[in-house]
Amino acid sequence: MKNDFVSKGRSVSDLKAHLVLTTKYRRRAITDEMLQRLHIILEDLLVKWDCKLVEFNGECDHVHLLFQYHPDLQLSTLVGNIKSTTSRRLRQEFLAHLSRFYTKDVFWNGSYFIASCGGVTISTLKQYIESQDRPENGDSSSTPCPVNPTD
């Protein structure tokens, strides 16, 4: 993934999350047509939250989203909105198909999986942090900190 930094307010960030949603009771209810529609719904919805859908795919009982977000966003609120909006829209648009699987107004499982992810591995990031030019013991005012334009 290339660096797509987001500048908002006084922060510059590159935060990405991997979200997995499963259907209620893990029913195999998702069709290819529903996945295509979900992709469009999610792209539009995430733009409204100042987010960006990086990747999306799924199978008949779950979907994976990789999206970029900004630091002032509360992820649990966003996930709740994603689940409620997509569930409502899919039930409206695919009522005949979904009525074979569910008798109530449900679609997603109550739980979800989310993990933060980035463009580098944890080991690479640890090495970078470990290799920082740490100041010597003693009076820090006598030896100025070198300026490194890449930091």
# chains A, B, ... in the order shown; residues from 1 in each chain; ligands from 1

$ residues_around --residues "A:Thr31" --least-positions-apart "5" --cutoff "10 Å" --atoms "only C-alpha atoms" --output "PyMOL selection string"
chain A and resi 36-37+58-61+94+97

$ write_last_selection --atoms "N, CA and C atoms" --output "mmCIF file, in the first residue's frame"
data_model
loop_
_atom_site.group_PDB
_atom_site.id
_atom_site.type_symbol
_atom_site.label_atom_id
_atom_site.label_comp_id
_atom_site.auth_asym_id
_atom_site.auth_seq_id
_atom_site.Cartn_x
_atom_site.Cartn_y
_atom_site.Cartn_z
ATOM 1 N N GLN A 36 -21.694 -6.721 -4.695
ATOM 2 C CA GLN A 36 -21.477 -5.565 -5.564
ATOM 3 C C GLN A 36 -22.215 -4.346 -5.039
ATOM 4 N N ARG A 37 -23.432 -4.541 -4.587
ATOM 5 C CA ARG A 37 -24.229 -3.426 -4.041
ATOM 6 C C ARG A 37 -23.626 -2.919 -2.729
ATOM 7 N N GLY A 58 -15.899 -10.344 0.053
ATOM 8 C CA GLY A 58 -16.608 -11.172 1.005
ATOM 9 C C GLY A 58 -16.965 -12.526 0.430
ATOM 10 N N GLU A 59 -17.628 -13.301 1.263
ATOM 11 C CA GLU A 59 -18.129 -14.614 0.886
ATOM 12 C C GLU A 59 -19.604 -14.649 1.234
ATOM 13 N N CYS A 60 -20.197 -15.816 1.178
ATOM 14 C CA CYS A 60 -21.647 -15.913 1.351
ATOM 15 C C CYS A 60 -22.109 -15.638 2.790
ATOM 16 N N ASP A 61 -21.196 -15.665 3.771
ATOM 17 C CA ASP A 61 -21.614 -15.440 5.161
ATOM 18 C C ASP A 61 -20.819 -14.362 5.899
ATOM 19 N N PHE A 94 -33.124 -6.341 -1.269
ATOM 20 C CA PHE A 94 -33.090 -7.781 -1.532
ATOM 21 C C PHE A 94 -34.077 -8.518 -0.628
ATOM 22 N N HIS A 97 -35.101 -12.245 -1.517
ATOM 23 C CA HIS A 97 -34.013 -13.196 -1.269
ATOM 24 C C HIS A 97 -33.787 -13.399 0.234
#

$ select_by_dssp --residues "stretch 11-140 of chain A" --states "strand (DSSP E)" --output "short mmCIF file (atom, residue, chain, number, x, y, z; two decimals) with C-alpha atoms, in the first residue's frame"
data_model
loop_
_atom_site.label_atom_id
_atom_site.label_comp_id
_atom_site.auth_asym_id
_atom_site.auth_seq_id
_atom_site.Cartn_x
_atom_site.Cartn_y
_atom_site.Cartn_z
CA SER A 11 -2.90 16.08 12.57
CA VAL A 12 -1.48 14.08 9.71
CA SER A 13 -2.31 10.40 9.89
CA LEU A 15 -4.76 4.95 10.05
CA LYS A 16 -6.31 1.87 8.51
CA ALA A 17 -8.62 -0.75 9.97
CA HIS A 18 -9.66 -4.22 8.88
CA LEU A 19 -13.33 -4.88 9.69
CA VAL A 20 -15.05 -8.26 9.38
CA LEU A 21 -18.84 -8.55 9.59
CA THR A 22 -20.68 -11.86 9.66
CA LYS A 52 -11.91 5.92 2.40
CA LEU A 53 -12.66 2.34 1.42
CA VAL A 54 -9.31 0.79 0.46
CA GLU A 55 -10.45 -2.77 -0.23
CA PHE A 56 -13.66 -4.78 0.04
CA ASN A 57 -14.64 -8.40 -0.59
CA GLY A 58 -16.61 -11.17 1.00
CA HIS A 62 -19.15 -12.59 5.86
CA VAL A 63 -17.44 -9.51 4.42
CA HIS A 64 -14.03 -7.87 4.85
CA LEU A 65 -13.47 -4.11 4.67
CA LEU A 66 -10.14 -2.32 4.75
CA PHE A 67 -10.67 1.39 5.25
CA GLN A 68 -8.72 4.49 6.14
CA TYR A 69 -9.96 6.80 8.89
CA PHE A 113 -13.94 -8.06 14.34
CA ILE A 114 -11.78 -4.99 13.85
CA ALA A 115 -8.00 -4.65 13.81
CA SER A 116 -5.71 -1.73 13.16
CA CYS A 117 -3.20 -2.19 10.39
#

$ atom_distance --atom1 "atom CA of A:Thr77" --atom2 "atom CA of A:Leu125"
28.8 Å

$ atom_distance --atom1 "atom CA of A:Asp50" --atom2 "atom CA of A:Gly119"
19.9 Å

$ select_by_dssp --residues "stretch 31-79 of chain A" --states "helix (DSSP H, G or I)" --output "list in words"
Asp32, Glu33, Met34, Leu35, Gln36, Arg37, Leu38, His39, Ile40, Ile41, Leu42, Glu43, Asp44, Leu45, Leu46, Val47, Lys48, Leu75, Ser76, Thr77, Leu78 and Val79 of chain A

$ write_last_selection --atoms "N, CA and C atoms" --output "PDB file, in the first residue's frame"
ATOM      1  N   ASP A  32     -23.433 -12.644  -4.976  1.00  0.00           N
ATOM      2  CA  ASP A  32     -22.489 -11.775  -5.682  1.00  0.00           C
ATOM      3  C   ASP A  32     -23.118 -10.406  -5.959  1.00  0.00           C
ATOM      4  N   GLU A  33     -24.368 -10.390  -6.323  1.00  0.00           N
ATOM      5  CA  GLU A  33     -25.075  -9.127  -6.578  1.00  0.00           C
ATOM      6  C   GLU A  33     -25.136  -8.281  -5.303  1.00  0.00           C
ATOM      7  N   MET A  34     -25.354  -8.916  -4.170  1.00  0.00           N
ATOM      8  CA  MET A  34     -25.384  -8.183  -2.897  1.00  0.00           C
ATOM      9  C   MET A  34     -24.003  -7.632  -2.559  1.00  0.00           C
ATOM     10  N   LEU A  35     -22.944  -8.401  -2.836  1.00  0.00           N
ATOM     11  CA  LEU A  35     -21.584  -7.916  -2.590  1.00  0.00           C
ATOM     12  C   LEU A  35     -21.279  -6.685  -3.443  1.00  0.00           C
ATOM     13  N   GLN A  36     -21.694  -6.721  -4.695  1.00  0.00           N
ATOM     14  CA  GLN A  36     -21.477  -5.565  -5.564  1.00  0.00           C
ATOM     15  C   GLN A  36     -22.215  -4.346  -5.039  1.00  0.00           C
ATOM     16  N   ARG A  37     -23.432  -4.541  -4.587  1.00  0.00           N
ATOM     17  CA  ARG A  37     -24.229  -3.426  -4.041  1.00  0.00           C
ATOM     18  C   ARG A  37     -23.626  -2.919  -2.729  1.00  0.00           C
ATOM     19  N   LEU A  38     -23.187  -3.853  -1.880  1.00  0.00           N
ATOM     20  CA  LEU A  38     -22.554  -3.479  -0.614  1.00  0.00           C
ATOM     21  C   LEU A  38     -21.317  -2.622  -0.852  1.00  0.00           C
ATOM     22  N   HIS A  39     -20.555  -2.974  -1.858  1.00  0.00           N
ATOM     23  CA  HIS A  39     -19.348  -2.214  -2.185  1.00  0.00           C
ATOM     24  C   HIS A  39     -19.694  -0.754  -2.463  1.00  0.00           C
ATOM     25  N   ILE A  40     -20.705  -0.518  -3.250  1.00  0.00           N
ATOM     26  CA  ILE A  40     -21.134   0.849  -3.588  1.00  0.00           C
ATOM     27  C   ILE A  40     -21.665   1.570  -2.348  1.00  0.00           C
ATOM     28  N   ILE A  41     -22.509   0.889  -1.575  1.00  0.00           N
ATOM     29  CA  ILE A  41     -23.074   1.490  -0.358  1.00  0.00           C
ATOM     30  C   ILE A  41     -21.955   1.885   0.600  1.00  0.00           C
ATOM     31  N   LEU A  42     -20.985   1.003   0.790  1.00  0.00           N
ATOM     32  CA  LEU A  42     -19.890   1.265   1.732  1.00  0.00           C
ATOM     33  C   LEU A  42     -18.993   2.402   1.261  1.00  0.00           C
ATOM     34  N   GLU A  43     -18.698   2.458  -0.026  1.00  0.00           N
ATOM     35  CA  GLU A  43     -17.889   3.575  -0.535  1.00  0.00           C
ATOM     36  C   GLU A  43     -18.574   4.903  -0.241  1.00  0.00           C
ATOM     37  N   ASP A  44     -19.865   5.002  -0.550  1.00  0.00           N
ATOM     38  CA  ASP A  44     -20.619   6.231  -0.306  1.00  0.00           C
ATOM     39  C   ASP A  44     -20.698   6.562   1.183  1.00  0.00           C
ATOM     40  N   LEU A  45     -20.974   5.564   1.993  1.00  0.00           N
ATOM     41  CA  LEU A  45     -21.125   5.771   3.430  1.00  0.00           C
ATOM     42  C   LEU A  45     -19.812   6.229   4.063  1.00  0.00           C
ATOM     43  N   LEU A  46     -18.713   5.606   3.692  1.00  0.00           N
ATOM     44  CA  LEU A  46     -17.429   5.977   4.283  1.00  0.00           C
ATOM     45  C   LEU A  46     -16.998   7.384   3.875  1.00  0.00           C
ATOM     46  N   VAL A  47     -17.338   7.811   2.680  1.00  0.00           N
ATOM     47  CA  VAL A  47     -17.030   9.187   2.268  1.00  0.00           C
ATOM     48  C   VAL A  47     -17.752  10.177   3.181  1.00  0.00           C
ATOM     49  N   LYS A  48     -18.987   9.862   3.557  1.00  0.00           N
ATOM     50  CA  LYS A  48     -19.745  10.741   4.449  1.00  0.00           C
ATOM     51  C   LYS A  48     -19.101  10.855   5.830  1.00  0.00           C
ATOM     52  N   LEU A  75     -14.361   4.599  16.335  1.00  0.00           N
ATOM     53  CA  LEU A  75     -14.585   3.431  15.481  1.00  0.00           C
ATOM     54  C   LEU A  75     -15.864   2.678  15.818  1.00  0.00           C
ATOM     55  N   SER A  76     -16.194   2.546  17.095  1.00  0.00           N
ATOM     56  CA  SER A  76     -17.404   1.797  17.455  1.00  0.00           C
ATOM     57  C   SER A  76     -18.666   2.476  16.908  1.00  0.00           C
ATOM     58  N   THR A  77     -18.672   3.801  16.883  1.00  0.00           N
ATOM     59  CA  THR A  77     -19.812   4.534  16.322  1.00  0.00           C
ATOM     60  C   THR A  77     -19.891   4.321  14.815  1.00  0.00           C
ATOM     61  N   LEU A  78     -18.741   4.379  14.144  1.00  0.00           N
ATOM     62  CA  LEU A  78     -18.714   4.143  12.706  1.00  0.00           C
ATOM     63  C   LEU A  78     -19.180   2.729  12.372  1.00  0.00           C
ATOM     64  N   VAL A  79     -18.682   1.737  13.094  1.00  0.00           N
ATOM     65  CA  VAL A  79     -19.074   0.346  12.823  1.00  0.00           C
ATOM     66  C   VAL A  79     -20.576   0.163  13.034  1.00  0.00           C
TER      67      VAL A  79
END

$ closest_residue --among "A:Cys51, A:Val106, A:Ile122, A:Ile129" --to "A:Gln74" --atoms "only C-alpha atoms"
A:Cys51
